[in-house]
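Data from work-v2.pdb: PDB, C-alpha atoms
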```
ATOM      1  CA  MET Y 284     247.101  71.271   2.237
ATOM      2  CA  THR Y 285     243.875  71.781   0.275
ATOM      3  CA  ARG Y 286     241.086  73.681   2.038
ATOM      4  CA  ILE Y 287     237.501  72.745   1.171
ATOM      5  CA  PHE Y 288     234.355  74.795   1.865
ATOM      6  CA  SER Y 289     230.717  74.173   1.068
ATOM      7  CA  GLY Y 290     227.325  74.980   2.544
ATOM      8  CA  VAL Y 291     223.679  73.987   2.653
ATOM      9  CA  LYS Y 292     220.752  76.417   2.713
ATOM     10  CA  PRO Y 293     217.996  75.778   5.302
ATOM     11  CA  THR Y 294     215.039  76.569   3.055
ATOM     12  CA  GLY Y 295     213.514  73.086   3.312
ATOM     13  CA  HIS Y 296     214.134  69.575   4.546
ATOM     14  CA  LEU Y 297     217.294  68.022   3.104
ATOM     15  CA  THR Y 298     216.697  65.621   0.233
ATOM     16  CA  LEU Y 299     218.222  62.616  -1.461
ATOM     17  CA  GLY Y 300     219.503  65.076  -4.057
ATOM     18  CA  ASN Y 301     221.345  67.054  -1.382
ATOM     19  CA  TYR Y 302     222.824  63.846   0.007
ATOM     20  CA  LEU Y 303     223.987  62.294  -3.265
ATOM     21  CA  GLY Y 304     224.942  65.563  -4.925
ATOM     22  CA  ALA Y 305     226.788  67.172  -2.026
ATOM     23  CA  VAL Y 306     226.687  65.806   1.523
ATOM     24  CA  ARG Y 307     228.105  62.369   0.806
ATOM     25  CA  GLN Y 308     230.915  64.023  -1.123
ATOM     26  CA  TRP Y 309     231.598  66.242   1.891
ATOM     27  CA  VAL Y 310     231.912  63.215   4.160
ATOM     28  CA  ALA Y 311     234.417  61.675   1.751
ATOM     29  CA  ALA Y 312     236.342  64.953   1.543
ATOM     30  CA  GLU Y 313     236.827  65.216   5.290
ATOM     31  CA  GLN Y 314     238.530  61.816   5.328
ATOM     32  CA  ALA Y 315     241.372  63.142   3.168
ATOM     33  CA  PRO Y 316     244.407  64.877   4.719
ATOM     34  CA  ASP Y 317     242.822  68.249   3.939
ATOM     35  CA  GLU Y 318     241.049  70.984   5.880
ATOM     36  CA  ALA Y 319     237.272  71.017   5.381
ATOM     37  CA  LEU Y 320     234.679  73.588   6.452
ATOM     38  CA  PHE Y 321     230.942  73.021   6.090
ATOM     39  CA  CYS Y 322     228.330  75.638   6.821
ATOM     40  CA  VAL Y 323     224.579  75.973   7.277
ATOM     41  CA  VAL Y 324     224.146  79.153   5.211
ATOM     42  CA  ASP Y 325     221.123  80.542   7.037
ATOM     43  CA  LEU Y 326     221.532  84.097   5.736
ATOM     44  CA  HIS Y 327     220.814  82.815   2.235
ATOM     45  CA  ALA Y 328     217.420  81.603   3.431
ATOM     46  CA  LEU Y 329     216.360  85.233   3.929
ATOM     47  CA  THR Y 330     216.404  86.096   0.208
ATOM     48  CA  VAL Y 331     212.763  85.006  -0.141
ATOM     49  CA  GLY Y 332     209.691  85.113   2.093
ATOM     50  CA  HIS Y 333     210.206  82.980   5.187
ATOM     51  CA  GLU Y 334     208.982  82.198   8.690
ATOM     52  CA  PRO Y 335     211.684  83.049  11.255
ATOM     53  CA  ALA Y 336     210.865  80.070  13.467
ATOM     54  CA  ARG Y 337     211.036  77.724  10.483
ATOM     55  CA  VAL Y 338     214.454  79.030   9.430
ATOM     56  CA  ARG Y 339     215.771  78.395  12.946
ATOM     57  CA  ARG Y 340     214.213  74.918  13.040
ATOM     58  CA  LEU Y 341     215.535  73.931   9.624
ATOM     59  CA  SER Y 342     218.994  75.322  10.418
ATOM     60  CA  ARG Y 343     219.248  73.055  13.452
ATOM     61  CA  GLN Y 344     217.825  70.110  11.517
ATOM     62  CA  ALA Y 345     220.321  70.631   8.686
ATOM     63  CA  ALA Y 346     223.257  70.710  11.099
ATOM     64  CA  THR Y 347     221.979  67.587  12.847
ATOM     65  CA  LEU Y 348     221.548  65.771   9.538
ATOM     66  CA  LEU Y 349     225.052  66.696   8.408
ATOM     67  CA  LEU Y 350     226.407  65.110  11.567
ATOM     68  CA  ALA Y 351     224.107  62.109  11.096
ATOM     69  CA  ALA Y 352     225.354  61.698   7.525
ATOM     70  CA  GLY Y 353     228.875  61.246   8.817
ATOM     71  CA  LEU Y 354     230.560  64.632   9.192
ATOM     72  CA  ASP Y 355     232.957  64.355  12.121
ATOM     73  CA  PRO Y 356     233.580  67.617  14.044
ATOM     74  CA  GLN Y 357     236.992  66.240  14.999
ATOM     75  CA  ARG Y 358     237.965  66.142  11.330
ATOM     76  CA  CYS Y 359     236.115  69.153   9.908
ATOM     77  CA  THR Y 360     234.636  72.505  10.941
ATOM     78  CA  LEU Y 361     230.833  72.647  10.997
ATOM     79  CA  PHE Y 362     229.145  75.957  11.802
ATOM     80  CA  VAL Y 363     226.265  78.314  11.062
ATOM     81  CA  GLN Y 364     226.951  81.201   8.678
ATOM     82  CA  SER Y 365     225.298  83.940  10.753
ATOM     83  CA  HIS Y 366     227.472  83.021  13.741
ATOM     84  CA  VAL Y 367     230.568  84.313  11.923
ATOM     85  CA  ASP Y 368     230.403  88.061  11.170
ATOM     86  CA  GLU Y 369     233.229  87.922   8.641
ATOM     87  CA  HIS Y 370     230.806  86.612   6.002
ATOM     88  CA  THR Y 371     228.743  89.799   5.941
ATOM     89  CA  ARG Y 372     231.794  92.030   6.471
ATOM     90  CA  LEU Y 373     233.394  90.639   3.346
ATOM     91  CA  ALA Y 374     230.174  90.535   1.319
ATOM     92  CA  TYR Y 375     229.991  94.323   1.145
ATOM     93  CA  LEU Y 376     233.544  94.622  -0.152
ATOM     94  CA  LEU Y 377     232.700  92.094  -2.861
ATOM     95  CA  GLU Y 378     229.520  94.003  -3.737
ATOM     96  CA  CYS Y 379     231.900  96.889  -4.406
ATOM     97  CA  THR Y 380     233.856  94.578  -6.709
ATOM     98  CA  ALA Y 381     230.994  92.896  -8.604
ATOM     99  CA  THR Y 382     228.876  94.556 -11.300
ATOM    100  CA  ASP Y 383     225.121  94.787 -11.675
ATOM    101  CA  GLY Y 384     225.312  93.047 -15.047
ATOM    102  CA  GLU Y 385     227.177  90.049 -13.630
ATOM    103  CA  LEU Y 386     224.549  89.467 -10.969
ATOM    104  CA  ARG Y 387     221.577  89.907 -13.282
ATOM    105  CA  ARG Y 388     223.024  87.231 -15.579
ATOM    106  CA  MET Y 389     222.870  84.604 -12.835
ATOM    107  CA  ILE Y 390     220.473  81.875 -13.979
ATOM    108  CA  GLN Y 391     219.073  81.221 -10.514
ATOM    109  CA  TYR Y 392     218.317  84.915 -10.056
ATOM    110  CA  LYS Y 393     216.376  85.010 -13.318
ATOM    111  CA  GLU Y 394     214.400  81.890 -12.428
ATOM    112  CA  LYS Y 395     213.592  82.868  -8.841
ATOM    113  CA  ALA Y 396     212.818  86.484  -9.730
ATOM    114  CA  ALA Y 397     210.419  85.358 -12.455
ATOM    115  CA  LYS Y 398     208.735  82.966 -10.012
ATOM    116  CA  ALA Y 399     208.339  85.705  -7.397
ATOM    117  CA  GLN Y 400     206.915  88.140  -9.928
ATOM    118  CA  ALA Y 401     204.471  85.536 -11.231
ATOM    119  CA  ALA Y 402     203.244  85.022  -7.682
ATOM    120  CA  GLY Y 403     202.754  88.768  -7.261
ATOM    121  CA  ASP Y 404     205.575  89.078  -4.762
ATOM    122  CA  GLY Y 405     208.337  91.642  -4.761
ATOM    123  CA  VAL Y 406     211.873  90.560  -5.633
ATOM    124  CA  ARG Y 407     214.171  91.164  -2.686
ATOM    125  CA  LEU Y 408     217.461  92.917  -3.381
ATOM    126  CA  SER Y 409     219.210  90.130  -1.463
ATOM    127  CA  LEU Y 410     218.062  87.667  -4.119
ATOM    128  CA  LEU Y 411     220.137  89.612  -6.628
ATOM    129  CA  THR Y 412     223.176  89.986  -4.389
ATOM    130  CA  TYR Y 413     223.249  86.609  -2.653
ATOM    131  CA  PRO Y 414     225.859  85.174  -5.082
ATOM    132  CA  VAL Y 415     228.195  87.852  -3.705
ATOM    133  CA  LEU Y 416     227.502  86.666  -0.154
ATOM    134  CA  MET Y 417     228.194  83.139  -1.374
ATOM    135  CA  ALA Y 418     231.498  84.378  -2.788
ATOM    136  CA  ALA Y 419     232.301  85.883   0.604
ATOM    137  CA  ASP Y 420     231.470  82.561   2.278
ATOM    138  CA  ILE Y 421     234.100  80.905   0.104
ATOM    139  CA  LEU Y 422     236.802  83.564  -0.148
ATOM    140  CA  ALA Y 423     236.894  84.367   3.572
ATOM    141  CA  TYR Y 424     238.624  81.043   4.174
ATOM    142  CA  ARG Y 425     241.102  81.085   1.276
ATOM    143  CA  THR Y 426     239.239  78.057  -0.030
ATOM    144  CA  ASP Y 427     240.860  75.863  -2.678
ATOM    145  CA  GLU Y 428     237.928  73.591  -3.577
ATOM    146  CA  VAL Y 429     234.159  74.013  -3.415
ATOM    147  CA  PRO Y 430     232.272  70.700  -3.723
ATOM    148  CA  VAL Y 431     228.865  71.700  -5.097
ATOM    149  CA  GLY Y 432     226.092  70.477  -7.332
ATOM    150  CA  GLU Y 433     226.070  71.336 -11.014
ATOM    151  CA  ASP Y 434     223.485  74.094 -10.463
ATOM    152  CA  GLN Y 435     226.007  76.096  -8.411
ATOM    153  CA  ARG Y 436     228.785  76.076 -11.009
ATOM    154  CA  GLN Y 437     227.909  79.555 -12.267
ATOM    155  CA  HIS Y 438     228.131  81.000  -8.764
ATOM    156  CA  VAL Y 439     231.560  79.492  -8.186
ATOM    157  CA  GLU Y 440     232.698  80.957 -11.503
ATOM    158  CA  LEU Y 441     231.528  84.378 -10.291
ATOM    159  CA  THR Y 442     233.475  83.810  -7.071
ATOM    160  CA  ARG Y 443     236.601  83.079  -9.099
ATOM    161  CA  ASP Y 444     236.098  86.225 -11.179
ATOM    162  CA  LEU Y 445     235.660  88.402  -8.081
ATOM    163  CA  ALA Y 446     238.761  86.927  -6.446
ATOM    164  CA  VAL Y 447     240.877  87.573  -9.518
ATOM    165  CA  ARG Y 448     239.517  91.117  -9.945
ATOM    166  CA  PHE Y 449     240.051  92.032  -6.292
ATOM    167  CA  ASN Y 450     243.586  90.619  -6.340
ATOM    168  CA  GLN Y 451     244.463  92.548  -9.491
ATOM    169  CA  ARG Y 452     243.075  95.852  -8.200
ATOM    170  CA  TYR Y 453     244.168  95.782  -4.581
ATOM    171  CA  GLY Y 454     246.938  93.214  -4.254
ATOM    172  CA  HIS Y 455     246.880  89.490  -3.685
ATOM    173  CA  THR Y 456     244.314  88.762  -0.970
ATOM    174  CA  PHE Y 457     242.203  85.765  -1.956
ATOM    175  CA  THR Y 458     242.829  82.226  -3.146
ATOM    176  CA  VAL Y 459     241.019  81.580  -6.433
ATOM    177  CA  PRO Y 460     238.862  78.499  -5.761
ATOM    178  CA  ARG Y 461     237.646  75.767  -8.083
ATOM    179  CA  ALA Y 462     234.380  73.811  -8.066
ATOM    180  CA  THR Y 463     234.407  70.023  -7.794
ATOM    181  CA  HIS Y 464     231.521  67.701  -8.656
ATOM    182  CA  PRO Y 465     230.754  64.003  -8.049
ATOM    183  CA  ALA Y 466     230.986  61.843 -11.174
ATOM    184  CA  VAL Y 467     227.450  60.429 -10.797
ATOM    185  CA  ALA Y 468     224.237  62.041  -9.552
ATOM    186  CA  ALA Y 469     225.699  65.531  -9.342
ATOM    187  CA  ARG Y 470     222.151  66.661 -10.054
ATOM    188  CA  VAL Y 471     219.367  64.330  -8.901
ATOM    189  CA  MET Y 472     216.093  65.179 -10.581
ATOM    190  CA  ASP Y 473     212.526  65.318  -9.262
ATOM    191  CA  LEU Y 474     210.851  61.899  -9.501
ATOM    192  CA  GLN Y 475     207.666  63.477 -10.884
ATOM    193  CA  GLU Y 476     209.370  66.077 -13.080
ATOM    194  CA  PRO Y 477     212.626  64.455 -14.203
ATOM    195  CA  THR Y 478     213.710  67.518 -16.157
ATOM    196  CA  SER Y 479     213.715  69.604 -12.935
ATOM    197  CA  LYS Y 480     216.157  69.422 -10.050
ATOM    198  CA  MET Y 481     215.029  67.640  -6.875
ATOM    199  CA  GLY Y 482     214.637  70.752  -4.720
ATOM    200  CA  LYS Y 483     213.867  71.196  -1.035
ATOM    201  CA  SER Y 484     210.856  73.490  -1.359
ATOM    202  CA  ASP Y 485     208.429  71.853  -3.800
ATOM    203  CA  ALA Y 486     204.839  72.466  -2.706
ATOM    204  CA  ASN Y 487     203.638  68.844  -2.518
ATOM    205  CA  GLY Y 488     206.892  66.887  -2.295
ATOM    206  CA  THR Y 489     205.586  63.863  -4.214
ATOM    207  CA  GLY Y 490     208.680  63.762  -6.402
ATOM    208  CA  ILE Y 491     211.143  64.460  -3.611
ATOM    209  CA  VAL Y 492     212.744  61.906  -1.302
ATOM    210  CA  TYR Y 493     213.591  63.587   1.994
ATOM    211  CA  LEU Y 494     216.376  62.216   4.187
ATOM    212  CA  LEU Y 495     213.941  61.771   7.066
ATOM    213  CA  ASP Y 496     211.212  60.057   5.019
ATOM    214  CA  GLU Y 497     210.059  56.735   6.455
ATOM    215  CA  PRO Y 498     210.982  53.681   4.322
ATOM    216  CA  GLY Y 499     207.368  53.247   3.244
ATOM    217  CA  ALA Y 500     207.208  56.820   1.979
ATOM    218  CA  VAL Y 501     210.483  56.371   0.079
ATOM    219  CA  ARG Y 502     209.215  53.227  -1.650
ATOM    220  CA  LYS Y 503     205.911  54.863  -2.546
ATOM    221  CA  LYS Y 504     207.606  57.885  -4.125
ATOM    222  CA  VAL Y 505     210.082  55.786  -6.112
ATOM    223  CA  MET Y 506     207.457  53.327  -7.355
ATOM    224  CA  ARG Y 507     205.332  56.261  -8.561
ATOM    225  CA  ALA Y 508     208.276  57.934 -10.303
ATOM    226  CA  VAL Y 509     207.580  59.186 -13.816
ATOM    227  CA  THR Y 510     209.395  57.148 -16.436
ATOM    228  CA  ASP Y 511     209.038  57.829 -20.139
ATOM    229  CA  SER Y 512     206.708  57.070 -23.012
ATOM    230  CA  GLY Y 513     207.959  54.618 -25.581
ATOM    231  CA  ASP Y 514     208.532  50.890 -25.822
ATOM    232  CA  GLY Y 515     209.269  50.428 -22.111
ATOM    233  CA  ALA Y 516     212.915  49.535 -22.690
ATOM    234  CA  VAL Y 517     215.359  50.571 -19.981
ATOM    235  CA  VAL Y 518     217.924  52.753 -21.739
ATOM    236  CA  TYR Y 519     220.265  55.299 -20.201
ATOM    237  CA  ASP Y 520     219.613  58.424 -22.262
ATOM    238  CA  ARG Y 521     219.296  61.705 -20.371
ATOM    239  CA  ALA Y 522     217.975  63.610 -23.374
ATOM    240  CA  SER Y 523     215.208  61.317 -24.640
ATOM    241  CA  ARG Y 524     214.427  59.325 -21.460
ATOM    242  CA  PRO Y 525     215.121  61.626 -18.492
ATOM    243  CA  GLY Y 526     212.882  59.723 -16.062
ATOM    244  CA  VAL Y 527     214.626  56.391 -16.553
ATOM    245  CA  ALA Y 528     218.038  58.079 -16.639
ATOM    246  CA  ASN Y 529     217.292  59.751 -13.298
ATOM    247  CA  LEU Y 530     216.415  56.403 -11.696
ATOM    248  CA  LEU Y 531     219.567  54.840 -13.112
ATOM    249  CA  ASP Y 532     221.663  57.758 -11.852
ATOM    250  CA  ILE Y 533     220.218  57.339  -8.368
ATOM    251  CA  LEU Y 534     220.833  53.582  -8.386
ATOM    252  CA  ALA Y 535     224.349  54.108  -9.696
ATOM    253  CA  ALA Y 536     225.110  56.640  -6.966
ATOM    254  CA  CYS Y 537     223.776  54.273  -4.308
ATOM    255  CA  THR Y 538     225.680  51.232  -5.559
ATOM    256  CA  GLY Y 539     228.792  52.677  -7.159
ATOM    257  CA  ALA Y 540     227.959  51.088 -10.519
ATOM    258  CA  ASP Y 541     227.850  52.684 -13.959
ATOM    259  CA  PRO Y 542     224.327  53.817 -14.964
ATOM    260  CA  GLY Y 543     224.745  52.644 -18.563
ATOM    261  CA  ARG Y 544     225.826  49.185 -17.426
ATOM    262  CA  LEU Y 545     222.968  49.024 -14.936
ATOM    263  CA  ALA Y 546     220.451  49.685 -17.725
ATOM    264  CA  GLU Y 547     221.575  46.532 -19.496
ATOM    265  CA  GLY Y 548     220.341  44.402 -16.595
ATOM    266  CA  TYR Y 549     216.680  45.464 -16.810
ATOM    267  CA  THR Y 550     213.889  44.637 -19.228
ATOM    268  CA  GLY Y 551     211.189  46.724 -17.568
ATOM    269  CA  TYR Y 552     210.578  49.704 -15.325
ATOM    270  CA  GLY Y 553     209.040  47.800 -12.420
ATOM    271  CA  ALA Y 554     212.167  45.876 -11.458
ATOM    272  CA  LEU Y 555     214.294  48.994 -11.834
ATOM    273  CA  LYS Y 556     212.032  50.976  -9.518
ATOM    274  CA  ARG Y 557     212.018  48.215  -6.902
ATOM    275  CA  ASP Y 558     215.815  48.064  -6.905
ATOM    276  CA  VAL Y 559     216.093  51.856  -6.688
ATOM    277  CA  ALA Y 560     213.639  51.930  -3.774
ATOM    278  CA  ASP Y 561     215.544  49.188  -1.923
ATOM    279  CA  ALA Y 562     218.884  50.896  -2.504
ATOM    280  CA  VAL Y 563     217.648  54.310  -1.327
ATOM    281  CA  VAL Y 564     215.989  52.894   1.801
ATOM    282  CA  GLU Y 565     219.183  51.118   2.817
ATOM    283  CA  LEU Y 566     221.334  54.132   1.983
ATOM    284  CA  LEU Y 567     219.272  56.427   4.212
ATOM    285  CA  ARG Y 568     218.582  54.005   7.064
ATOM    286  CA  PRO Y 569     221.757  54.781   9.083
ATOM    287  CA  VAL Y 570     221.290  58.527   8.508
ATOM    288  CA  ARG Y 571     217.747  58.440   9.911
ATOM    289  CA  GLU Y 572     218.797  56.332  12.895
ATOM    290  CA  ARG Y 573     221.754  58.552  13.759
ATOM    291  CA  HIS Y 574     219.631  61.687  13.337
ATOM    292  CA  ALA Y 575     217.169  60.392  15.932
ATOM    293  CA  GLU Y 576     220.026  59.914  18.408
ATOM    294  CA  LEU Y 577     221.471  63.379  17.825
ATOM    295  CA  ALA Y 578     218.095  65.137  17.882
ATOM    296  CA  ALA Y 579     217.555  63.748  21.385
ATOM    297  CA  ASP Y 580     220.606  65.729  22.595
ATOM    298  CA  PRO Y 581     220.373  69.225  21.031
ATOM    299  CA  ALA Y 582     222.919  70.634  23.502
ATOM    300  CA  ALA Y 583     225.594  68.422  21.951
ATOM    301  CA  VAL Y 584     224.750  69.756  18.477
ATOM    302  CA  ASP Y 585     224.867  73.336  19.808
ATOM    303  CA  LYS Y 586     228.320  72.666  21.234
ATOM    304  CA  VAL Y 587     229.591  71.422  17.874
ATOM    305  CA  LEU Y 588     228.239  74.538  16.133
ATOM    306  CA  ARG Y 589     229.631  76.898  18.767
ATOM    307  CA  GLU Y 590     233.097  75.383  18.580
ATOM    308  CA  GLY Y 591     232.911  75.307  14.782
ATOM    309  CA  ALA Y 592     232.043  79.009  14.636
ATOM    310  CA  GLY Y 593     234.997  79.793  16.874
ATOM    311  CA  ARG Y 594     237.357  77.915  14.592
ATOM    312  CA  ALA Y 595     235.832  79.547  11.491
ATOM    313  CA  ARG Y 596     236.327  83.038  12.953
ATOM    314  CA  GLU Y 597     239.996  82.308  13.615
ATOM    315  CA  LEU Y 598     240.465  81.385   9.962
ATOM    316  CA  ALA Y 599     238.351  84.114   8.378
ATOM    317  CA  ARG Y 600     239.196  87.194  10.421
ATOM    318  CA  PRO Y 601     242.793  87.663   9.186
ATOM    319  CA  VAL Y 602     241.665  87.256   5.582
ATOM    320  CA  VAL Y 603     238.823  89.744   5.889
ATOM    321  CA  ASP Y 604     240.958  92.216   7.859
ATOM    322  CA  ARG Y 605     243.522  92.019   5.059
ATOM    323  CA  ALA Y 606     240.788  92.697   2.472
ATOM    324  CA  TYR Y 607     239.625  95.775   4.407
ATOM    325  CA  GLU Y 608     243.163  97.117   4.473
ATOM    326  CA  ALA Y 609     243.777  96.293   0.811
ATOM    327  CA  ILE Y 610     240.664  98.077  -0.438
ATOM    328  CA  GLY Y 611     241.587 101.265   1.408
ATOM    329  CA  LEU Y 612     239.671 101.257   4.709
ATOM    330  CA  LEU Y 613     241.237 102.748   7.813
ATOM    331  CA  ALA Y 614     242.053 100.244  10.526
ATOM    332  CA  PRO Y 615     240.117 100.741  13.815
TER     333      PRO Y 615
END
```

As structure tokens, what does this structure read like?
Amino acid sequence: MTRIFSGVKPTGHLTLGNYLGAVRQWVAAEQAPDEALFCVVDLHALTVGHEPARVRRLSRQAATLLLAAGLDPQRCTLFVQSHVDEHTRLAYLLECTATDGELRRMIQYKEKAAKAQAAGDGVRLSLLTYPVLMAADILAYRTDEVPVGEDQRQHVELTRDLAVRFNQRYGHTFTVPRATHPAVAARVMDLQEPTSKMGKSDANGTGIVYLLDEPGAVRKKVMRAVTDSGDGAVVYDRASRPGVANLLDILAACTGADPGRLAEGYTGYGALKRDVADAVVELLRPVRERHAELAADPAAVDKVLREGAGRARELARPVVDRAYEAIGLLAP
């Protein structure tokens, strides 16, 4: 049996990029005869400046949206990272396995550290070490597959390296995981800046479609999407026409069609944008409706998370206890 693990960080409202690049893949994964664990990784939200109340609110919203998107707690384990102590217990052992150079080479660390410094903020140590906590999230469950977006590939590679190194030094303890990615729309780009990922925390949000956006807001954002200068032809070319390629990727992910083939059916940007807007609105409609139902009964969501944390502890504790023994720590 293959075990799958992935997580979402509650640093902003979940987006179309999160849904197409990860969440929808998670829902498909839980339908297979495998074991799947999905986690709201709230500890990762503490690596930058944050409001405590907002982190709590977004953590609950993320869990509710994952259920609304189709995750079934009868078929998978859904929980909050901070509810399972084994994540932080294992993270320290992996910090003792990783090197400073490995962590400073992480692309996301370089980008986020530069952004913090430009804003005059200090760079938190946790921003440097959070890929190790992510590795602990994965390795604590002897995970086989990690369905993630393309931007997380480097972190999964670090996780693999740490697992191999720990196993070689201290005896076989961890499963070496592999990353998996959807074929289309693994990385949905910002509608206003099509060379940048559609992130959760953009200041104005004009290029971001949020899962809870009203249909009118979705249409407005898509119709105002940046395309590309040139002759106005609809061509699927990520390098020279990233705006059009992004729209085609989104439409392809919504419809299951090939983005290159889709391009052949359009002679102008207007029709393409209208079709993308229609497809996105219909894709998100059932998610929004189900979210409203679940949000009206927060106790039911709490129950799912409590039971999920209990199941996660049962899986992780023997693995982490074994790692403590292997590395040389005295049993209590």

With only C-alpha atoms as the atoms that count, which of Y:Asn301, Y:Thr285, Y:Ser409, Y:Gln314 lies nearest to Y:His327?
Y:Ser409

Would you kindly translate the PyMOL selection byres ((chain Y and resi 320-323) around 7) into the concrete residues it picks from this file, as an MDAnalysis selection string?
chainID Y and resid 287:293 318:319 324:325 342 345:346 359:364

Size and centre in Å, one decimal, axis-aligned box, all listed stretch 499-507 of chain Y atoms plus 3 Å per side, as JSON:
```
{"center_x": 207.9, "center_y": 55.6, "center_z": -2.7, "size_x": 11.2, "size_y": 10.7, "size_z": 17.8}
```

Using only C-alpha atoms, determine which residues lie at most 12 Å from Y:Lys395, disregarding the query and same-chain residues fewer than 5 positions distant; provide the list as a list in words.
Thr330, Val331, Gly332, Arg387, Met389, Ile390, Gln400, Ala401, Ala402, Asp404, Gly405, Val406, Arg407, Ser409, Leu410 and Leu411 of chain Y

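One finds atom CA of Y:Leu303 at 10.8 Å from atom CA of Y:Val431.
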
All residues 12 Å or closer to Y:Asp580, all atoms listed in the file, same chain fewer than 6 positions away omitted, as a list in words
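The residues that qualify are Arg343, Thr347, Arg573, His574, Lys586 and Val587 of chain Y.
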
Taking only C-alpha atoms into account, name the residue in Y:Met284, Y:Leu349, Y:Leu329, Y:Met417 that is nearest to Y:Thr371.
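Ranking Y:Met284, Y:Leu349, Y:Leu329, Y:Met417 by distance to Y:Thr371, first place goes to Y:Met417.
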
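If you measure from each of Y:Ala592, Y:Leu416, Y:Ala351, Y:Ala315 to Y:Arg571 using only C-alpha atoms, the closest one turns out to be Y:Ala351.
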
For atom CA of Y:Arg589 and atom CA of Y:Ala311, quote the distance in Å rounded to one decimal.
23.3 Å

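One finds atom CA of Y:Val306 at 11.4 Å from atom CA of Y:His464.
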
Write out as JSON lines the residues of stretch 423-489 of chain Y that have any atom within 12 Å of an atom of stretch 504-519 of chain Y, one row each with the nearest atom pair and its distance in Å to one decimal, counting all atoms listed in the file, sorted by chain and then rising number.
```
{"residue": "Y:Met472", "atom": "CA", "partner": "Y:Ala508", "partner_atom": "CA", "distance": 10.7}
{"residue": "Y:Asp473", "atom": "CA", "partner": "Y:Ala508", "partner_atom": "CA", "distance": 8.6}
{"residue": "Y:Leu474", "atom": "CA", "partner": "Y:Ala508", "partner_atom": "CA", "distance": 4.8}
{"residue": "Y:Gln475", "atom": "CA", "partner": "Y:Val509", "partner_atom": "CA", "distance": 5.2}
{"residue": "Y:Glu476", "atom": "CA", "partner": "Y:Val509", "partner_atom": "CA", "distance": 7.2}
{"residue": "Y:Pro477", "atom": "CA", "partner": "Y:Val509", "partner_atom": "CA", "distance": 7.3}
{"residue": "Y:Thr478", "atom": "CA", "partner": "Y:Val509", "partner_atom": "CA", "distance": 10.6}
{"residue": "Y:Asn487", "atom": "CA", "partner": "Y:Lys504", "partner_atom": "CA", "distance": 11.8}
{"residue": "Y:Gly488", "atom": "CA", "partner": "Y:Lys504", "partner_atom": "CA", "distance": 9.2}
{"residue": "Y:Thr489", "atom": "CA", "partner": "Y:Lys504", "partner_atom": "CA", "distance": 6.3}
```

Preceding selection exported with C-alpha atoms as an mmCIF file, in the frame of the given file:
```
data_model
loop_
_atom_site.group_PDB
_atom_site.id
_atom_site.type_symbol
_atom_site.label_atom_id
_atom_site.label_comp_id
_atom_site.auth_asym_id
_atom_site.auth_seq_id
_atom_site.Cartn_x
_atom_site.Cartn_y
_atom_site.Cartn_z
ATOM 1 C CA MET Y 472 216.093 65.179 -10.581
ATOM 2 C CA ASP Y 473 212.526 65.318 -9.262
ATOM 3 C CA LEU Y 474 210.851 61.899 -9.501
ATOM 4 C CA GLN Y 475 207.666 63.477 -10.884
ATOM 5 C CA GLU Y 476 209.370 66.077 -13.080
ATOM 6 C CA PRO Y 477 212.626 64.455 -14.203
ATOM 7 C CA THR Y 478 213.710 67.518 -16.157
ATOM 8 C CA ASN Y 487 203.638 68.844 -2.518
ATOM 9 C CA GLY Y 488 206.892 66.887 -2.295
ATOM 10 C CA THR Y 489 205.586 63.863 -4.214
#
```

Which residue is closest to Y:Asp496? Choose from Y:Asp444, Y:Asp585, Y:Thr298, Y:Thr380 and count only C-alpha atoms.
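That would be Y:Thr298, the residue with the smallest distance to Y:Asp496.
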
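Each of Y:Val471, Y:Ala595, Y:Ala446, Y:Leu495 was checked against Y:Ala535 using all atoms listed in the file; the smallest atom-to-atom distance is that of Y:Val471.
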
Quick one: everything within 9 Å of Y:Arg596, counting all atoms listed in the file, minus sequence neighbours fewer than 5 positions away in the same chain. Send it as an mmCIF file with C-alpha atoms, in the frame of the given file.
```cif
data_model
loop_
_atom_site.group_PDB
_atom_site.id
_atom_site.type_symbol
_atom_site.label_atom_id
_atom_site.label_comp_id
_atom_site.auth_asym_id
_atom_site.auth_seq_id
_atom_site.Cartn_x
_atom_site.Cartn_y
_atom_site.Cartn_z
ATOM 1 C CA HIS Y 366 227.472 83.021 13.741
ATOM 2 C CA VAL Y 367 230.568 84.313 11.923
ATOM 3 C CA ASP Y 368 230.403 88.061 11.170
ATOM 4 C CA GLU Y 369 233.229 87.922 8.641
ATOM 5 C CA GLY Y 591 232.911 75.307 14.782
ATOM 6 C CA PRO Y 601 242.793 87.663 9.186
#
```

Given all atoms listed in the file as the basis, pick out the residue of Y:Arg340, Y:Thr294, Y:Arg605, Y:Val310 nearest to Y:Ala578.
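Among the listed residues, the smallest separation from Y:Ala578 belongs to Y:Arg340.
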